[in-house]
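Peer 1: Compact mmCIF, C-alpha atoms, file coords_6.txt:
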# COMPACT_ATOMS: atom_id res chain seq x y z
CA MET A 1 -0.96 5.37 9.53
CA THR A 2 1.36 2.51 8.74
CA LYS A 3 2.22 1.79 5.18
CA MET A 4 1.84 -1.54 3.54
CA LEU A 5 4.85 -3.15 1.92
CA THR A 6 4.10 -3.75 -1.71
CA LYS A 7 5.93 -5.22 -4.64
CA ARG A 8 6.74 -2.87 -7.49
CA THR A 9 5.60 -5.33 -10.10
CA ASP A 10 6.49 -3.05 -12.98
CA GLN A 11 10.10 -3.09 -11.86
CA PHE A 12 10.93 -6.78 -11.98
CA SER A 13 10.27 -10.18 -13.51
CA GLU A 14 10.15 -13.31 -11.40
CA THR A 15 9.96 -17.04 -11.86
CA ALA A 16 9.87 -20.03 -9.54
CA ILE A 17 12.35 -22.82 -10.22
CA ASP A 18 12.18 -25.83 -7.95
CA GLU A 19 12.31 -24.38 -4.42
CA GLU A 20 13.77 -21.04 -5.45
CA ILE A 21 12.38 -17.81 -6.79
CA VAL A 22 14.51 -15.86 -9.25
CA VAL A 23 13.79 -12.15 -9.45
CA MET A 24 15.38 -9.79 -11.95
CA SER A 25 15.36 -6.02 -11.68
CA LEU A 26 14.26 -4.69 -15.05
CA ASP A 27 16.13 -1.48 -14.30
CA SER A 28 19.55 -2.87 -13.41
CA GLY A 29 19.36 -6.39 -14.80
CA ASP A 30 20.53 -7.72 -11.42
CA PHE A 31 19.29 -11.14 -10.36
CA PHE A 32 18.20 -12.25 -6.91
CA SER A 33 17.86 -15.90 -6.04
CA LEU A 34 15.48 -16.20 -3.11
CA THR A 35 15.51 -19.34 -1.02
CA GLY A 36 14.41 -20.28 2.49
CA THR A 37 13.47 -17.31 4.64
CA ALA A 38 14.04 -14.81 1.84
CA ARG A 39 11.60 -16.72 -0.34
CA THR A 40 9.03 -16.76 2.45
CA ILE A 41 9.37 -13.03 3.07
CA TRP A 42 9.03 -12.33 -0.64
CA GLN A 43 5.84 -14.37 -0.76
CA LEU A 44 4.45 -12.62 2.32
CA ILE A 45 4.91 -9.18 0.77
CA ASP A 46 1.47 -9.01 -0.79
CA GLY A 47 0.47 -5.38 -0.36
CA ASN A 48 -1.72 -6.18 2.64
CA ARG A 49 0.95 -6.28 5.35
CA ASP A 50 3.00 -3.56 6.94
CA ARG A 51 6.33 -4.26 8.59
CA ALA A 52 4.71 -5.32 11.89
CA ALA A 53 2.25 -7.68 10.21
CA LEU A 54 5.03 -9.14 8.12
CA LEU A 55 7.09 -9.76 11.22
CA THR A 56 4.16 -11.46 12.96
CA ALA A 57 3.44 -13.65 9.96
CA LEU A 58 7.07 -14.62 9.59
CA ALA A 59 7.46 -15.47 13.27
CA GLY A 60 4.33 -17.56 13.08
CA HIS A 61 5.57 -19.33 10.00
CA TYR A 62 8.85 -20.31 11.60
CA GLY A 63 7.58 -20.68 15.18
CA CYS A 64 10.03 -18.21 16.69
CA GLU A 65 10.01 -14.93 18.60
CA GLU A 66 9.60 -11.77 16.54
CA ALA A 67 12.65 -10.24 18.23
CA GLU A 68 14.82 -13.06 16.95
CA ILE A 69 14.14 -12.31 13.31
CA ALA A 70 13.37 -8.59 13.28
CA ASP A 71 16.88 -7.50 12.34
CA ASP A 72 17.16 -10.02 9.54
CA LEU A 73 13.75 -9.03 8.21
CA ASP A 74 14.62 -5.34 8.27
CA ALA A 75 17.91 -5.97 6.50
CA PHE A 76 16.27 -8.00 3.75
CA VAL A 77 13.43 -5.55 3.29
CA ALA A 78 15.97 -2.74 3.03
CA GLN A 79 17.85 -4.70 0.38
CA LEU A 80 14.70 -5.26 -1.64
CA SER A 81 13.75 -1.62 -1.29
CA GLN A 82 17.20 -0.45 -2.33
CA ALA A 83 16.98 -2.65 -5.41
CA GLY A 84 13.69 -0.99 -6.29
CA LEU A 85 11.72 -4.22 -6.01
CA ILE A 86 9.37 -3.14 -3.22
CA GLY A 87 7.94 0.08 -1.84
CA ASN A 88 5.37 1.40 0.62
CA ALA A 89 1.77 1.98 -0.31
CA MET B 1 5.78 -14.64 -29.78
CA SER B 2 4.34 -16.05 -32.97
CA ALA B 3 1.26 -18.28 -33.07
CA PRO B 4 1.91 -21.95 -32.30
CA ARG B 5 3.32 -23.85 -35.27
CA SER B 6 3.08 -27.55 -35.82
CA PRO B 7 6.46 -29.32 -36.11
CA SER B 8 5.87 -29.87 -39.82
CA GLN B 9 5.04 -26.20 -40.32
CA ALA B 10 8.28 -25.29 -38.57
CA MET B 11 10.28 -27.60 -40.82
CA GLU B 12 8.59 -26.29 -43.94
CA LEU B 13 9.22 -22.71 -42.88
CA MET B 14 12.94 -23.26 -42.36
CA ALA B 15 13.27 -25.24 -45.59
CA ARG B 16 11.54 -22.45 -47.50
CA GLU B 17 13.41 -19.56 -45.90
CA THR B 18 16.88 -21.14 -46.16
CA ARG B 19 16.64 -22.04 -49.84
CA ALA B 20 19.69 -20.49 -51.49
CA ALA B 21 20.46 -19.01 -54.87
CA TYR B 22 23.51 -17.22 -56.27
CA GLY B 23 23.35 -13.55 -57.07
CA PRO B 24 24.60 -10.12 -56.11
CA VAL B 25 24.38 -9.17 -52.45
CA PRO B 26 23.90 -5.60 -51.22
CA HIS B 27 26.70 -3.83 -49.39
CA GLY B 28 24.35 -2.51 -46.75
CA LEU B 29 20.82 -2.46 -45.37
CA ASP B 30 18.65 0.45 -44.36
CA GLY B 31 21.34 2.91 -45.43
CA ILE B 32 24.01 1.25 -43.31
CA ALA B 33 26.95 -0.09 -45.30
CA ILE B 34 29.18 -2.83 -43.91
CA GLY B 35 32.62 -3.99 -44.96
CA PRO B 36 34.16 -7.44 -45.15
CA GLY B 37 34.07 -9.30 -41.86
CA PHE B 38 30.83 -7.73 -40.62
CA ARG B 39 27.18 -8.67 -40.42
CA LEU B 40 24.02 -6.63 -40.05
CA PHE B 41 20.40 -7.17 -39.14
CA ALA B 42 18.10 -4.42 -40.43
CA GLU B 43 14.60 -4.13 -41.88
CA GLY B 44 13.93 -7.74 -40.88
CA GLN B 45 16.78 -8.86 -43.14
CA PHE B 46 20.26 -10.25 -42.59
CA LEU B 47 23.46 -9.35 -44.40
CA LEU B 48 26.84 -11.02 -43.95
CA ARG B 49 29.99 -10.05 -45.77
CA CYS B 50 32.90 -12.42 -45.15
CA GLU B 51 36.56 -11.44 -45.35
CA SER B 52 37.04 -14.07 -48.06
CA GLY B 53 34.65 -12.18 -50.32
CA TYR B 54 31.61 -14.36 -49.77
CA GLY B 55 28.41 -12.43 -49.17
CA TYR B 56 25.05 -13.65 -47.89
CA HIS B 57 21.75 -11.81 -47.85
CA TYR B 58 18.49 -13.06 -46.40
CA ALA B 59 15.12 -11.41 -46.88
CA PRO B 60 11.89 -13.00 -45.61
CA GLY B 61 10.03 -14.78 -48.36
CA GLN B 62 12.99 -14.55 -50.71
CA GLY B 63 15.42 -17.02 -49.14
CA VAL B 64 19.19 -16.62 -49.07
CA THR B 65 21.24 -15.02 -51.81
CA ILE B 66 24.89 -16.04 -51.96
CA GLU B 67 27.51 -13.92 -53.68
CA ARG B 68 30.46 -16.11 -54.50
CA PRO B 69 33.88 -14.50 -54.95
CA PRO B 70 36.26 -15.54 -57.73
CA ARG B 71 37.89 -18.84 -56.69
CA GLY B 72 35.51 -19.13 -53.76
CA ASP B 73 35.94 -22.22 -51.59
CA PRO B 74 32.71 -24.29 -51.69
CA ASP B 75 33.48 -25.74 -48.27
CA GLU B 76 33.71 -22.27 -46.76
CA GLU B 77 30.51 -21.35 -48.52
CA THR B 78 28.72 -24.27 -46.90
CA LEU B 79 30.16 -23.53 -43.48
CA TRP B 80 28.79 -20.00 -43.42
CA LEU B 81 25.48 -21.06 -44.93
CA TYR B 82 24.87 -23.84 -42.41
CA GLY B 83 26.33 -21.82 -39.54
CA SER B 84 25.71 -18.12 -39.02
CA VAL B 85 23.31 -17.71 -41.94
CA TYR B 86 21.17 -20.66 -40.87
CA SER B 87 21.00 -19.33 -37.30
CA ALA B 88 20.25 -15.80 -38.46
CA VAL B 89 17.38 -16.94 -40.67
CA ALA B 90 16.05 -18.99 -37.77
CA CYS B 91 16.18 -16.02 -35.39
CA LEU B 92 14.34 -13.79 -37.85
CA ASN B 93 11.61 -16.41 -38.16
CA GLY B 94 10.95 -16.79 -34.46
CA PHE B 95 13.20 -19.72 -33.63
CA TYR B 96 15.75 -19.79 -30.84
CA PRO B 97 19.19 -21.25 -31.61
CA LEU B 98 21.37 -22.93 -29.02
CA HIS B 99 25.07 -23.67 -29.49
CA ALA B 100 24.65 -27.40 -28.99
CA SER B 101 25.03 -30.82 -30.56
CA ALA B 102 22.38 -33.40 -29.83
CA ILE B 103 21.27 -37.00 -30.04
CA ALA B 104 17.82 -38.55 -29.91
CA VAL B 105 16.74 -41.11 -27.33
CA ASP B 106 13.28 -42.66 -27.38
CA GLY B 107 11.80 -39.82 -29.38
CA LYS B 108 13.30 -37.01 -27.30
CA VAL B 109 16.29 -34.77 -27.83
CA HIS B 110 19.21 -34.62 -25.41
CA ALA B 111 21.55 -31.75 -26.25
CA PHE B 112 25.13 -31.07 -25.20
CA THR B 113 26.24 -27.48 -24.97
CA GLY B 114 29.46 -25.65 -24.22
CA PRO B 115 31.90 -23.30 -25.88
CA SER B 116 33.78 -24.25 -29.04
CA GLY B 117 36.18 -27.07 -28.27
CA ALA B 118 34.12 -28.35 -25.34
CA GLY B 119 33.59 -31.70 -27.03
CA LYS B 120 29.98 -31.48 -28.15
CA SER B 121 30.44 -33.13 -31.53
CA THR B 122 32.90 -35.68 -30.15
CA LEU B 123 30.42 -36.85 -27.54
CA VAL B 124 27.64 -37.10 -30.10
CA ALA B 125 29.94 -39.17 -32.32
CA GLY B 126 30.80 -41.43 -29.39
CA LEU B 127 27.17 -41.87 -28.44
CA GLY B 128 26.44 -42.62 -32.07
CA GLN B 129 28.72 -45.59 -31.73
CA ARG B 130 26.51 -46.70 -28.85
CA GLY B 131 23.57 -46.64 -31.21
CA LEU B 132 22.12 -43.18 -30.60
CA PRO B 133 21.27 -41.22 -33.76
CA MET B 134 22.52 -37.68 -34.21
CA PHE B 135 19.94 -34.93 -34.05
CA CYS B 136 22.13 -31.93 -34.86
CA ASP B 137 25.71 -30.73 -34.73
CA ASP B 138 26.72 -27.34 -33.34
CA THR B 139 23.42 -25.51 -33.77
CA LEU B 140 20.17 -26.67 -32.21
CA LEU B 141 17.07 -24.80 -33.31
CA LEU B 142 14.19 -24.55 -30.87
CA ASP B 143 10.63 -23.70 -31.77
CA LEU B 144 9.04 -21.98 -28.78
CA SER B 145 5.85 -20.95 -30.54
CA ASP B 146 3.75 -23.43 -28.55
CA PRO B 147 3.84 -22.50 -24.86
CA ALA B 148 3.12 -26.08 -23.87
CA ARG B 149 6.23 -27.62 -25.40
CA ILE B 150 9.70 -26.91 -26.71
CA VAL B 151 10.26 -28.54 -30.07
CA ALA B 152 13.73 -29.02 -31.51
CA LEU B 153 14.37 -29.05 -35.25
CA PRO B 154 16.86 -31.55 -36.67
CA GLY B 155 20.01 -30.08 -38.11
CA HIS B 156 22.54 -30.94 -40.73
CA LYS B 157 23.48 -34.49 -41.50
CA ARG B 158 27.17 -34.65 -40.70
CA LEU B 159 29.41 -34.12 -37.72
CA LYS B 160 32.55 -32.00 -37.83
CA LEU B 161 35.42 -33.56 -35.89
CA THR B 162 39.04 -32.67 -35.21
CA PRO B 163 41.77 -35.29 -35.82
CA GLU B 164 41.91 -35.83 -32.05
CA ALA B 165 38.16 -36.45 -31.95
CA LEU B 166 38.41 -38.85 -34.87
CA ALA B 167 41.03 -40.82 -32.97
CA LEU B 168 39.03 -40.79 -29.76
CA THR B 169 35.84 -41.97 -31.36
CA GLY B 170 37.35 -44.25 -33.98
CA THR B 171 35.18 -42.68 -36.64
CA ALA B 172 36.22 -42.36 -40.27
CA ALA B 173 36.86 -38.98 -41.85
CA GLN B 174 35.07 -38.07 -45.03
CA GLN B 175 36.26 -34.83 -46.61
CA PRO B 176 37.87 -31.83 -44.88
CA VAL B 177 35.67 -29.08 -43.44
CA GLY B 178 36.96 -26.06 -45.34
CA ALA B 179 40.62 -25.32 -45.86
CA GLU B 180 41.51 -23.95 -42.45
CA THR B 181 39.39 -25.59 -39.78
CA GLY B 182 41.47 -28.75 -39.44
CA LYS B 183 38.24 -30.67 -39.03
CA SER B 184 36.72 -33.41 -41.14
CA TYR B 185 33.15 -34.31 -41.90
CA VAL B 186 31.99 -37.58 -40.39
CA ALA B 187 28.81 -39.52 -41.03
CA PRO B 188 26.94 -40.05 -37.76
CA PRO B 189 27.61 -43.67 -36.76
CA ALA B 190 23.97 -44.43 -35.91
CA GLY B 191 22.45 -42.22 -38.60
CA ASP B 192 20.44 -39.11 -37.99
CA VAL B 193 16.91 -38.02 -37.15
CA ARG B 194 14.82 -36.18 -39.74
CA GLU B 195 11.75 -35.14 -37.78
CA PRO B 196 11.29 -32.50 -35.06
CA LEU B 197 11.25 -33.84 -31.51
CA PRO B 198 10.68 -32.39 -28.05
CA LEU B 199 13.76 -31.15 -26.22
CA ALA B 200 14.11 -33.19 -23.03
CA ARG B 201 17.50 -32.27 -21.59
CA LEU B 202 20.34 -29.83 -21.89
CA VAL B 203 23.74 -31.03 -20.68
CA PHE B 204 26.53 -28.54 -20.04
CA LEU B 205 30.00 -29.92 -20.82
CA GLU B 206 32.69 -28.92 -18.36
CA GLN B 207 36.29 -29.81 -17.62
CA GLY B 208 37.28 -31.25 -14.27
CA GLN B 209 39.50 -33.80 -12.60
CA VAL B 210 36.76 -36.27 -11.78
CA CYS B 211 34.25 -37.56 -14.27
CA GLN B 212 30.74 -36.92 -12.98
CA TRP B 213 27.19 -36.20 -14.06
CA GLN B 214 25.25 -33.82 -11.85
CA ALA B 215 21.68 -32.66 -12.15
CA ILE B 216 21.33 -28.87 -12.20
CA GLY B 217 18.47 -27.52 -10.10
CA GLY B 218 17.01 -24.31 -8.81
CA ALA B 219 18.28 -20.94 -9.89
CA GLU B 220 21.41 -22.44 -11.40
CA ARG B 221 19.23 -23.74 -14.23
CA PHE B 222 18.35 -20.16 -14.90
CA ALA B 223 21.87 -18.81 -14.49
CA ARG B 224 23.46 -21.38 -16.79
CA LEU B 225 21.36 -20.16 -19.69
CA ALA B 226 23.26 -16.89 -19.56
CA ASP B 227 26.31 -18.63 -21.03
CA ASP B 228 27.36 -16.54 -23.98
CA HIS B 229 27.86 -18.40 -27.21
CA TYR B 230 27.81 -17.07 -30.71
CA THR B 231 24.24 -18.16 -31.27
CA GLN B 232 23.15 -15.96 -28.39
CA ASP B 233 24.89 -12.98 -29.96
CA LEU B 234 23.04 -13.61 -33.20
CA TYR B 235 19.73 -13.89 -31.40
CA ARG B 236 20.25 -10.62 -29.55
CA GLU B 237 21.24 -8.83 -32.74
CA ALA B 238 18.31 -10.26 -34.70
CA VAL B 239 15.52 -9.97 -32.16
CA ARG B 240 16.83 -7.25 -29.82
CA PRO B 241 14.98 -8.72 -26.85
CA ASP B 242 14.51 -6.46 -23.85
CA ARG B 243 15.35 -7.69 -20.36
CA GLU B 244 11.81 -8.83 -19.70
CA MET B 245 11.75 -10.92 -22.86
CA GLN B 246 15.15 -12.45 -22.14
CA PHE B 247 14.05 -13.28 -18.62
CA ALA B 248 10.85 -14.93 -19.83
CA LEU B 249 12.78 -16.98 -22.37
CA ARG B 250 15.28 -18.24 -19.84
CA ALA B 251 12.56 -18.88 -17.27
CA ARG B 252 10.70 -21.00 -19.77
CA LEU B 253 13.72 -23.07 -20.71
CA ALA B 254 14.60 -23.52 -17.05
CA ALA B 255 11.08 -24.70 -16.29
CA GLN B 256 10.55 -27.03 -19.24
CA VAL B 257 13.96 -28.63 -19.87
CA ASP B 258 15.93 -30.88 -17.54
CA MET B 259 19.51 -29.75 -17.10
CA ALA B 260 22.70 -31.46 -16.02
CA ARG B 261 26.44 -30.97 -16.17
CA LEU B 262 28.87 -33.55 -17.42
CA VAL B 263 32.28 -32.94 -15.94
CA ARG B 264 35.30 -34.84 -17.24
CA PRO B 265 39.05 -34.61 -17.73
CA ILE B 266 40.14 -33.78 -21.25
CA SER B 267 41.98 -37.01 -22.05
CA ALA B 268 41.36 -40.28 -23.81
CA GLU B 269 40.54 -41.90 -20.47
CA GLY B 270 38.31 -39.01 -19.53
CA PHE B 271 36.45 -39.26 -22.79
CA ALA B 272 35.91 -42.99 -22.42
CA ALA B 273 34.67 -42.57 -18.86
CA SER B 274 32.38 -39.68 -19.76
CA LEU B 275 30.98 -41.64 -22.68
CA ASP B 276 30.16 -44.56 -20.40
CA LEU B 277 28.59 -42.19 -17.89
CA ALA B 278 26.54 -40.30 -20.47
CA ALA B 279 25.37 -43.53 -22.09
CA ALA B 280 24.30 -44.88 -18.72
CA ARG B 281 22.44 -41.67 -17.85
CA LEU B 282 20.72 -41.70 -21.20
CA GLY B 283 19.62 -45.28 -20.69
CA VAL B 284 21.85 -46.86 -23.30
CA ALA B 285 22.52 -50.40 -22.20
CA GLY B 286 26.04 -51.73 -22.61
CA LYS B 287 28.52 -50.83 -25.28
CA GLY B 288 26.59 -51.40 -28.46
CA GLU B 289 28.32 -51.71 -31.76
Is it possible to express this structure as structure tokens?

Peer 2:
Amino acid sequence: MTKMLTKRTDQFSETAIDEEIVVMSLDSGDFFSLTGTARTIWQLIDGNRDRAALLTALAGHYGCEEAEIADDLDAFVAQLSQAGLIGNA
Amino acid sequence: MSAPRSPSQAMELMARETRAAYGPVPHGLDGIAIGPGFRLFAEGQFLLRCESGYGYHYAPGQGVTIERPPRGDPDEETLWLYGSVYSAVACLNGFYPLHASAIAVDGKVHAFTGPSGAGKSTLVAGLGQRGLPMFCDDTLLLDLSDPARIVALPGHKRLKLTPEALALTGTAAQQPVGAETGKSYVAPPAGDVREPLPLARLVFLEQGQVCQWQAIGGAERFARLADDHYTQDLYREAVRPDREMQFALRARLAAQVDMARLVRPISAEGFAASLDLAAARLGVAGKGE
């Protein structure tokens, strides 16, 4: 059974400013400024999509092949996971 | 966050809590003693002991007690009272102080911030000569109790300028600011504002080769609020906000206040050019007298 990607909402604070989303890890105090694709991925992580569904949604959003963006998606998801901002449910 | 206050309630609160009287000041709070040159927030109170021998103690509902040393300098006394003590009292009563000097334009406050020596007071003096009244000098108090608006409280009635700033702005010195600051008090050329007003814009003063005014957008609005000035240190000591609270505060300011940077060379020509630029951006027509 695949696991859904979910935000660990007790681990961060976020705010939208203009076209950016600023996320702060409450644990480390590190900030992440999310723009463009990163912002879209962040918004698509809603607890109802696993990695495959996220990839499909992202490809649909940008009108590209899933293979073209899979590596970038995996890298960004790994970064968010490492920062403790998301997990699997 | 406290319940929303009306602007008049905010003014009354600060007037009441900053009333000062002379008397003995404790050497510590909550069992913690401090020596000259240190300050302490404890038990909701503030204690400052200056190296000169001046002492200040604030307790909610009791105002500020000043202990004056033998041969105390009244100018130094005023500096501490209107500086760190004023900001500390504000922090303990739910206000947020910014290290900024400000003017009022069409019923809104435009504040200039930057480290000491950045030219905040000088710019406000120059804009005063273009007809814009001073709102505050050096410390800008914000009332954030109403989520729908950020209200700024007017500050003290005089600017503090260095001899260089006096020459640049052509303003007349009144009396010296203390014995050692090298600054002089100056009456704001276009007068001052006495009532609270909404904060419209925060302008960060920077040095650079080319004079320019740039809007600050996106996450930089958020990041710029991390600039560490002494007022921020006081706020952290007084309120001890956790990361979530600090984030929410900065997010709110970033969302509700326009921000820009004013970059200019530090020179007479740079000052004149930046004054023209700021006046134009603030909608001040021509070079008023």

Peer 1: Anything within 12 Å of (12.4, -26.4, -45.8): list those residues as a ChimeraX atom specification, counting all atoms listed in the file and sticking to the file's coordinates.

Peer 2: /B:7-20,63,86,89-90,153-155,194-195

Peer 1: So what do you get for atom CA of Gly126 of chain B versus atom CA of Pro189 of chain B, distance-wise?

Peer 2: 8.3 Å

Peer 1: Could you tell me how far atom CA of Leu225 of chain B sits from atom CA of Ala248 of chain B, in Å to one decimal place?

Peer 2: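 Taking atom CA of Ala248 of chain B and atom CA of Leu225 of chain B, their separation equals 11.7 Å.
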
Peer 1: Taking only C-alpha atoms into account and nothing else, which residues of chain B lie no more than 12 Å away from chain A? Please answer as number ranges by chain.

Peer 2: B: 216-223, 226, 242-258

Peer 1: Would you mind exporting C-alpha atoms of the selected residues as a PDB file, in the frame of the given file?

Peer 2:
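Below is the file that was written, out.pdb:
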ATOM      1  CA  ILE B 216      21.330 -28.870 -12.200  1.00  0.00           C
ATOM      2  CA  GLY B 217      18.470 -27.520 -10.100  1.00  0.00           C
ATOM      3  CA  GLY B 218      17.010 -24.310  -8.810  1.00  0.00           C
ATOM      4  CA  ALA B 219      18.280 -20.940  -9.890  1.00  0.00           C
ATOM      5  CA  GLU B 220      21.410 -22.440 -11.400  1.00  0.00           C
ATOM      6  CA  ARG B 221      19.230 -23.740 -14.230  1.00  0.00           C
ATOM      7  CA  PHE B 222      18.350 -20.160 -14.900  1.00  0.00           C
ATOM      8  CA  ALA B 223      21.870 -18.810 -14.490  1.00  0.00           C
ATOM      9  CA  ALA B 226      23.260 -16.890 -19.560  1.00  0.00           C
ATOM     10  CA  ASP B 242      14.510  -6.460 -23.850  1.00  0.00           C
ATOM     11  CA  ARG B 243      15.350  -7.690 -20.360  1.00  0.00           C
ATOM     12  CA  GLU B 244      11.810  -8.830 -19.700  1.00  0.00           C
ATOM     13  CA  MET B 245      11.750 -10.920 -22.860  1.00  0.00           C
ATOM     14  CA  GLN B 246      15.150 -12.450 -22.140  1.00  0.00           C
ATOM     15  CA  PHE B 247      14.050 -13.280 -18.620  1.00  0.00           C
ATOM     16  CA  ALA B 248      10.850 -14.930 -19.830  1.00  0.00           C
ATOM     17  CA  LEU B 249      12.780 -16.980 -22.370  1.00  0.00           C
ATOM     18  CA  ARG B 250      15.280 -18.240 -19.840  1.00  0.00           C
ATOM     19  CA  ALA B 251      12.560 -18.880 -17.270  1.00  0.00           C
ATOM     20  CA  ARG B 252      10.700 -21.000 -19.770  1.00  0.00           C
ATOM     21  CA  LEU B 253      13.720 -23.070 -20.710  1.00  0.00           C
ATOM     22  CA  ALA B 254      14.600 -23.520 -17.050  1.00  0.00           C
ATOM     23  CA  ALA B 255      11.080 -24.700 -16.290  1.00  0.00           C
ATOM     24  CA  GLN B 256      10.550 -27.030 -19.240  1.00  0.00           C
ATOM     25  CA  VAL B 257      13.960 -28.630 -19.870  1.00  0.00           C
ATOM     26  CA  ASP B 258      15.930 -30.880 -17.540  1.00  0.00           C
TER      27      ASP B 258
END

Peer 1: So the first atom is atom CA of Trp213 of chain B and the second is atom CA of Ala268 of chain B; what is the distance between them in Å, to one decimal place?

Peer 2: 17.7 Å

Peer 1: Can you pull out every residue within 12 Å of Ala52 of chain A, counting only C-alpha atoms, but drop anything in the same chain fewer than 3 positions away, and send it as a list in words?

Peer 2: Thr2, Lys3, Met4, Leu5, Ile45, Asn48, Arg49, Leu55, Thr56, Ala57, Leu58, Ala59, Glu66, Ala67, Ile69, Ala70, Leu73 and Asp74 of chain A

Peer 1: Please write as an NGL selection string the list of polymer residues whose atoms come within 10 Å of (17.5, -13.2, -31.3), counting all atoms listed in the file and keeping to the coordinates of the file.

Peer 2: :B and (87-88 or 90-97 or 231-241 or 246)

Peer 1: Quick one: residues within 10 Å of Gly283 of chain B, all atoms listed in the file, excluding same-chain residues fewer than 6 positions away - as a ChimeraX atom specification?

Peer 2: /B:105-106,277

Peer 1: Determine, using only C-alpha atoms, which residues of segment 180-227 of chain B have any atom at most 9 Å from an atom of segment 160-174 of chain B, and tabulate each with its shortest atom pair and distance in Å to one decimal place, rows ordered by chain and then rising number, as a tab-separated table.

Peer 2:
residue	atom	partner	partner_atom	distance
B:Thr181	CA	B:Thr162	CA	8.4
B:Gly182	CA	B:Thr162	CA	6.3
B:Lys183	CA	B:Thr162	CA	4.4
B:Ser184	CA	B:Leu161	CA	5.4
B:Tyr185	CA	B:Lys160	CA	4.7
B:Val186	CA	B:Ala173	CA	5.3
B:Ala187	CA	B:Gln174	CA	7.6
B:Pro188	CA	B:Thr171	CA	8.7
B:Pro189	CA	B:Thr171	CA	7.6

Peer 1: Using only C-alpha atoms, which of the listed residues (A:Asp46, A:Ile86, A:Arg51, A:Arg8) sits closest to Asp71 of chain A?

Peer 2: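 Of all the options, A:Arg51 lies closest to Asp71 of chain A.
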
Peer 1: Calculated over all atoms listed in the file, which of the candidates B:Ala279, B:Leu199, B:Ala273, B:Leu262 has the smallest distance to Gln129 of chain B?

Peer 2: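 For Gln129 of chain B, the nearest of the candidates is B:Ala279.
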